[in-house]
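> Structure supplied as upload.cif; contents: mmCIF, C-alpha atoms and all ligand atoms.
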data_input
#
loop_
_atom_site.label_atom_id
_atom_site.label_comp_id
_atom_site.auth_asym_id
_atom_site.auth_seq_id
_atom_site.Cartn_x
_atom_site.Cartn_y
_atom_site.Cartn_z
CA MET A 163 27.98 49.70 -22.17
CA ASN A 164 25.12 51.05 -20.10
CA LYS A 165 22.92 54.14 -20.42
CA THR A 166 25.35 56.43 -18.55
CA SER A 167 27.81 56.19 -21.46
CA VAL A 168 25.96 58.80 -23.55
CA TYR A 169 26.44 61.50 -20.92
CA GLU A 170 29.54 63.52 -20.11
CA PHE A 171 28.77 63.62 -16.40
CA CYS A 172 27.14 60.97 -14.20
CA ILE A 173 26.16 62.12 -10.71
CA ILE A 174 26.09 59.41 -8.03
CA VAL A 175 23.62 59.95 -5.18
CA PRO A 176 24.01 57.39 -2.35
CA ILE A 177 20.77 56.81 -0.50
CA TYR A 178 20.13 55.05 2.76
CA ASN A 179 16.77 55.65 4.44
CA GLU A 180 16.22 59.11 2.97
CA GLU A 181 12.50 58.86 2.10
CA GLU A 182 11.82 62.36 3.40
CA ASN A 183 14.39 63.81 1.00
CA ILE A 184 13.20 62.03 -2.15
CA SER A 185 10.78 64.67 -3.47
CA ARG A 186 13.26 67.50 -2.90
CA LEU A 187 15.95 65.44 -4.63
CA GLU A 188 13.72 65.09 -7.69
CA GLU A 189 13.15 68.85 -7.73
CA GLU A 190 16.75 70.02 -7.09
CA LEU A 191 18.44 67.44 -9.30
CA GLY A 192 15.89 67.90 -12.08
CA ARG A 193 16.39 71.66 -12.01
CA TYR A 194 20.14 71.17 -12.13
CA LEU A 195 20.05 68.77 -15.09
CA GLU A 196 18.19 71.40 -17.12
CA ALA A 197 20.66 74.15 -16.28
CA ALA A 198 23.90 72.14 -16.26
CA SER A 199 26.74 73.20 -18.55
CA VAL A 200 27.38 69.54 -19.48
CA LYS A 201 25.11 66.69 -20.53
CA ALA A 202 24.50 65.04 -17.16
CA CYS A 203 22.54 62.17 -15.65
CA ILE A 204 21.72 61.02 -12.13
CA LEU A 205 22.59 57.59 -10.77
CA PHE A 206 20.85 56.86 -7.47
CA VAL A 207 22.51 54.11 -5.47
CA ASP A 208 20.03 52.72 -2.97
CA ASP A 209 22.13 51.22 -0.20
CA GLY A 210 19.50 48.73 0.96
CA SER A 211 17.11 51.31 2.44
CA LYS A 212 14.54 49.92 4.86
CA ASP A 213 12.05 52.78 4.40
CA ASN A 214 10.24 53.85 1.20
CA SER A 215 13.28 55.45 -0.47
CA LEU A 216 13.53 52.79 -3.18
CA GLN A 217 9.88 53.12 -4.21
CA GLY A 218 10.43 56.90 -4.44
CA ILE A 219 13.59 56.47 -6.52
CA ILE A 220 11.90 54.05 -8.95
CA GLU A 221 9.03 56.49 -9.37
CA ILE A 222 11.41 59.40 -10.13
CA CYS A 223 13.27 57.28 -12.70
CA ARG A 224 10.00 56.27 -14.34
CA LYS A 225 8.81 59.87 -14.66
CA ASN A 226 12.06 61.61 -15.63
CA PRO A 227 14.54 60.94 -18.40
CA ASP A 228 18.23 61.04 -17.36
CA PHE A 229 17.53 59.48 -13.93
CA TYR A 230 18.83 55.95 -13.28
CA TYR A 231 19.22 53.75 -10.24
CA ILE A 232 20.82 50.65 -8.83
CA THR A 233 19.82 49.04 -5.57
CA PHE A 234 21.61 46.66 -3.21
CA THR A 235 20.21 43.52 -1.64
CA HIS A 236 21.16 44.95 1.77
CA ASN A 237 22.91 47.89 3.44
CA ASN A 238 26.66 47.96 2.66
CA GLY A 239 27.69 51.46 3.76
CA LEU A 240 28.56 54.68 1.96
CA SER A 241 31.94 53.51 0.59
CA ALA A 242 30.29 50.50 -1.05
CA ALA A 243 27.51 52.67 -2.49
CA LEU A 244 30.10 55.00 -4.03
CA LYS A 245 32.11 52.08 -5.37
CA ALA A 246 29.05 50.54 -7.00
CA GLY A 247 28.23 53.91 -8.60
CA ILE A 248 31.80 54.30 -9.88
CA ASP A 249 31.82 50.71 -11.17
CA MET A 250 28.65 51.42 -13.15
CA ALA A 251 29.45 54.95 -14.38
CA GLU A 252 30.57 55.06 -18.01
CA SER A 253 30.53 58.83 -18.49
CA PRO A 254 33.99 60.46 -18.68
CA TYR A 255 33.27 62.36 -15.43
CA THR A 256 31.60 61.11 -12.28
CA GLY A 257 30.01 63.32 -9.65
CA TYR A 258 29.10 62.66 -6.04
CA ILE A 259 26.49 64.44 -3.92
CA ASP A 260 24.76 63.34 -0.70
CA ALA A 261 21.02 62.73 -0.64
CA ASP A 262 20.49 65.07 2.32
CA LEU A 263 21.14 68.10 0.07
CA GLN A 264 23.48 69.77 2.58
CA THR A 265 25.32 70.78 -0.57
CA LEU A 266 23.38 71.70 -3.71
CA PRO A 267 23.82 70.27 -7.22
CA GLU A 268 24.01 73.82 -8.67
CA ASP A 269 27.44 74.09 -7.07
CA PHE A 270 28.76 71.39 -9.40
CA GLU A 271 29.07 74.35 -11.75
CA ARG A 272 31.76 75.75 -9.45
CA LEU A 273 33.74 72.50 -9.74
CA LEU A 274 33.23 71.50 -13.38
CA PRO A 275 35.42 74.22 -14.95
CA PHE A 276 38.48 72.49 -13.41
CA ARG A 277 37.61 68.94 -14.48
CA ARG A 278 40.08 68.71 -17.35
CA ASP A 279 43.08 69.80 -15.29
CA TYR A 280 42.46 67.86 -12.06
CA ALA A 281 41.46 64.21 -11.59
CA LEU A 282 39.47 65.22 -8.49
CA VAL A 283 37.71 68.54 -8.01
CA MET A 284 36.09 68.85 -4.61
CA GLY A 285 34.26 71.34 -2.47
CA ILE A 286 35.29 73.00 0.75
CA ARG A 287 32.14 73.60 2.77
CA THR A 288 31.92 77.28 3.69
CA GLY A 289 29.70 78.51 6.53
CA ARG A 290 29.21 74.95 7.68
CA LYS A 291 25.73 74.36 9.12
CA ASP A 292 26.45 71.30 11.28
CA SER A 293 26.28 70.89 15.06
CA PHE A 294 29.26 71.89 17.18
CA GLY A 295 30.04 68.20 17.91
CA LYS A 296 30.13 67.33 14.24
CA ARG A 297 32.25 70.32 13.28
CA PHE A 298 34.64 69.61 16.15
CA SER A 299 35.08 65.91 15.31
CA SER A 300 35.53 66.89 11.68
CA LEU A 301 38.24 69.40 12.67
CA ILE A 302 40.20 66.79 14.64
CA ALA A 303 39.76 64.09 11.99
CA ASN A 304 40.84 66.46 9.20
CA TYR A 305 43.88 67.60 11.16
CA PHE A 306 45.04 64.07 11.94
CA ARG A 307 44.38 62.82 8.43
CA ARG A 308 46.30 65.71 6.88
CA MET A 309 49.21 65.02 9.20
CA MET A 310 49.26 61.31 8.30
CA THR A 311 48.55 61.50 4.58
CA HIS A 312 49.98 64.95 3.64
CA ASP A 313 47.07 65.26 1.24
CA GLY A 314 46.84 69.01 1.88
CA VAL A 315 43.06 68.79 1.76
CA GLU A 316 40.93 71.01 3.95
CA ASP A 317 37.59 69.23 3.89
CA THR A 318 37.88 65.63 2.74
CA GLY A 319 34.30 64.84 3.82
CA CYS A 320 32.69 67.46 1.58
CA PRO A 321 29.91 65.62 -0.26
CA LEU A 322 30.37 67.46 -3.53
CA LYS A 323 33.00 66.04 -5.83
CA VAL A 324 33.78 65.63 -9.52
CA ILE A 325 36.16 62.81 -10.42
CA ARG A 326 37.58 61.80 -13.78
CA THR A 327 35.99 58.39 -14.18
CA ASP A 328 39.10 56.52 -15.31
CA ALA A 329 40.97 57.73 -12.19
CA ALA A 330 37.95 56.94 -10.00
CA LYS A 331 37.91 53.35 -11.26
CA ARG A 332 41.55 52.89 -10.23
CA ILE A 333 41.01 53.98 -6.61
CA PRO A 334 41.77 51.19 -4.10
CA PHE A 335 38.43 50.55 -2.46
CA PHE A 336 37.81 49.56 1.17
CA THR A 337 35.14 50.35 3.72
CA GLY A 338 35.87 53.89 4.90
CA MET A 339 37.57 54.92 1.65
CA HIS A 340 35.01 57.68 1.09
CA ARG A 341 36.93 59.71 3.67
CA PHE A 342 40.22 59.30 1.82
CA LEU A 343 39.27 60.02 -1.77
CA PRO A 344 41.75 62.88 -2.30
CA ALA A 345 44.67 60.97 -0.74
CA LEU A 346 43.76 57.88 -2.76
CA ILE A 347 43.62 59.89 -5.98
CA GLN A 348 47.04 61.36 -5.17
CA LEU A 349 48.46 57.82 -5.03
CA GLN A 350 48.06 57.81 -8.80
CA ASN A 351 50.16 61.00 -8.97
CA GLU A 352 47.01 62.86 -9.93
CA LYS A 353 46.11 66.39 -8.80
CA VAL A 354 43.26 67.56 -6.57
CA LYS A 355 41.58 70.97 -6.77
CA GLN A 356 39.54 72.42 -3.88
CA VAL A 357 36.83 75.01 -4.47
CA PRO A 358 34.59 76.71 -1.86
CA VAL A 359 30.94 75.60 -1.98
CA ARG A 360 27.87 76.49 0.05
CA HIS A 361 26.62 74.35 2.92
CA PHE A 362 23.11 74.00 4.31
CA GLU A 363 21.42 72.34 7.27
CA ARG A 364 20.06 68.85 6.92
CA LEU A 365 16.36 69.76 6.67
CA LYS A 366 14.94 66.22 6.62
CA GLY A 367 15.98 62.74 7.75
CA ILE A 368 18.80 61.86 10.13
CA SER A 369 22.59 61.57 9.91
CA LYS A 370 23.88 57.99 9.76
CA PHE A 371 27.28 58.73 11.23
CA HIS A 372 28.16 59.35 14.87
CA LEU A 373 31.28 60.18 16.86
CA TRP A 374 32.52 56.59 16.94
CA ASN A 375 32.36 55.82 13.23
CA ARG A 376 33.50 59.35 12.42
CA LEU A 377 36.73 59.17 14.44
CA VAL A 378 37.91 55.65 15.32
CA SER A 379 37.83 53.85 11.96
CA PRO A 380 39.25 56.83 10.07
CA PHE A 381 42.07 56.97 12.65
CA LEU A 382 43.01 53.35 11.91
CA ASP A 383 42.54 53.88 8.17
CA CYS A 384 45.27 56.54 8.24
CA PHE A 385 47.79 53.81 9.09
CA ALA A 386 46.40 51.58 6.36
CA TYR A 387 46.81 54.48 3.95
CA ARG A 388 50.47 54.96 4.93
CA TRP A 389 51.07 51.27 4.29
CA MET A 390 49.28 51.42 0.97
CA ARG A 391 51.24 54.47 -0.14
CA LYS A 392 54.49 52.56 0.35
CA ARG A 393 53.21 49.56 -1.59
CA TYR A 394 51.12 51.27 -4.25
CA ILE A 395 51.82 50.16 -7.82
CA ASN A 396 52.29 52.97 -10.31
CA TYR A 397 53.75 52.39 -13.75
CA THR A 398 53.98 54.29 -16.99
CA ILE A 399 53.89 52.35 -20.25
CA SER A 400 56.50 53.72 -22.65
CA ALA A 401 55.36 51.82 -25.76
CA ASP A 402 52.89 49.15 -26.84
CA ASN A 403 51.27 47.75 -29.99
CA LEU A 404 47.83 47.13 -28.53
CA LYS A 405 45.85 49.92 -30.23
CA GLU A 406 44.63 49.79 -33.82
CA GLN A 407 47.06 51.62 -36.11
CA GLU A 408 45.65 54.72 -37.82
N1 LIG B 1 24.52 56.65 3.24
C1 LIG B 1 24.57 55.43 2.55
N2 LIG B 1 24.79 54.29 3.27
C2 LIG B 1 24.99 54.29 4.63
C3 LIG B 1 24.98 55.54 5.30
C4 LIG B 1 24.74 56.68 4.58
O1 LIG B 1 24.41 55.41 1.33
O2 LIG B 1 25.17 53.21 5.20
C5 LIG B 1 24.27 57.88 2.48
C6 LIG B 1 23.21 58.80 3.05
O3 LIG B 1 21.91 58.47 2.63
C7 LIG B 1 23.67 60.17 2.54
C8 LIG B 1 25.19 60.03 2.55
O4 LIG B 1 25.46 58.64 2.53
O5 LIG B 1 23.25 60.40 1.22
C9 LIG B 1 25.85 60.68 3.76
O6 LIG B 1 25.21 60.25 4.94
P1 LIG B 1 24.79 61.25 6.12
O7 LIG B 1 24.20 62.51 5.54
O8 LIG B 1 23.97 60.50 7.09
O9 LIG B 1 26.22 61.58 6.73
P2 LIG B 1 26.74 62.92 7.37
O10 LIG B 1 26.54 64.01 6.33
O11 LIG B 1 25.91 63.14 8.56
O12 LIG B 1 28.19 62.65 7.65
MG MG B 2 25.00 64.69 5.41
#
Produce structure tokens that represent the structure in this file.


Amino acid sequence: MNKTSVYEFCIIVPIYNEEENISRLEEELGRYLEAASVKACILFVDDGSKDNSLQGIIEICRKNPDFYYITFTHNNGLSAALKAGIDMAESPYTGYIDADLQTLPEDFERLLPFRRDYALVMGIRTGRKDSFGKRFSSLIANYFRRMMTHDGVEDTGCPLKVIRTDAAKRIPFFTGMHRFLPALIQLQNEKVKQVPVRHFERLKGISKFHLWNRLVSPFLDCFAYRWMRKRYINYTISADNLKEQE
């Protein structure tokens, strides 16, 4: 058991070289925790930042209750950061938001009402404030991924998600899996709900992804997903005597 177990909702915030966003994160996340409809905490995952992000995170966690962190020995990538967060989260629901605040924590309130009926509730970014190149590559990647996975998801990359923690812990993890979360959840015969959320410009810091890592690896991962779907193990237990009798 760790400290996240006393909350209903644990929000994972992956951080790699985001020092310029740290003070705004404290403000926006702190404001959200006060207003949230569920008892929530923040779990920063420092993905081996080389700037002063970690010092900033430690300071926030020292000053504020309900803020926790883990940090890696070195940079492992966004999928690994999310996996570590999910491995650690012991609240019934796990959230995900990016540190650049292109989506706002307040909008978790748009997703949370659906949490009991869907294993994954995710945003669809409306009025997307990204460059033409990014929106275009996203359009192609989404189209191809939908065609290959039939996940029916409009905006898989939206960095605002609520996942039932037990389903999250069963996701097959691999580098790049953060782009396939809905399809991977569907492997478990679980349902995904999509809800429109607001999108904002990245005001501070720089994007870590470029055309190459946005298109080529995800293209190959689509084939890996098809293979995995064929081989995925799903079973339903019809009876057992493992639990204590009432
Ligand atoms: N990130 C991370 N490890 C990495 C790269 C990125 O934890 O190796 C984090 C980053 O700090 C941010 C999120 O993942 O919180 C998404 O990254 P970014 O905003 O650069 O991606 P984009 O929105 O441009 O696709
Ligand atoms: Mg971003």

> Select, from A:Ile286, A:Leu187, A:Leu195, A:Leu263, the residue with the minimum atom-to-atom distance to ligand MG 2 (chain B), counting only C-alpha atoms and all ligand atoms.

A:Leu263

> Nearest to His312 in chain A among A:Arg391, A:Lys366, A:Lys296, A:Lys212, with distances taken over all atoms listed in the file: which residue is it?

A:Arg391

> Which residues are near Gly289 in chain A? Cut-off 9 Å, only C-alpha atoms, ignore same chain within fewer than 5 positions. Put them as a list of chain:residue names.

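Once the adjacent positions are removed, what remains is A:Arg360, A:His361, A:Phe362.
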
> As a quick test: using all atoms listed in the file, which residues lie no more than 9 Å away from ligand LIG 1 (chain B)? Give them as a PyMOL selection string.

chain A and resi 175-180+207-211+237-244+259-264+292+296+319-321+364+367-372+376

> Give me, please, the distance in Å between CA of Trp389 in chain A and CA of Ile333 in chain A, quoted to one decimal.

15.1 Å

> So what do you get for CA of Ile219 in chain A versus CA of Tyr231 in chain A, distance-wise?

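CA of Ile219 in chain A sits 7.3 Å away from CA of Tyr231 in chain A.
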
> Using all atoms listed in the file for the distances, tell me which of A:Val354, A:Met339, A:Glu363, A:Thr318 is nearest to ligand MG 2 (chain B).

A:Glu363

> Between CA of Pro227 in chain A and CA of Val357 in chain A, what is the distance, to one decimal in Å?

29.8 Å

> Taking all atoms of range 356-367 of chain A that the file lists and extending 6 Å past them on each side, where is the centre of the axis-aligned box and how long are its edges? Answer in Å to one decimal, as AutoDock Vina command-line options.


--center_x 27.2 --center_y 69.7 --center_z 1.6 --size_x 36.6 --size_y 26.0 --size_z 24.2

> Let me make sure I understand: among A:Ser379, A:Thr311, A:Gln350, A:Ser299, which one has the smallest atom-to-atom distance to Thr337 in chain A if we use only C-alpha atoms?

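Once distances to Thr337 in chain A are computed over only C-alpha atoms, the minimum belongs to A:Ser379.
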
> Which is closer to ligand MG 2 (chain B) than all the others in A:Leu377, A:Ile173, A:Leu322, A:Val168, using all atoms listed in the file?

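Among A:Leu377, A:Ile173, A:Leu322, A:Val168, it is A:Leu322 that comes nearest to ligand MG 2 (chain B).
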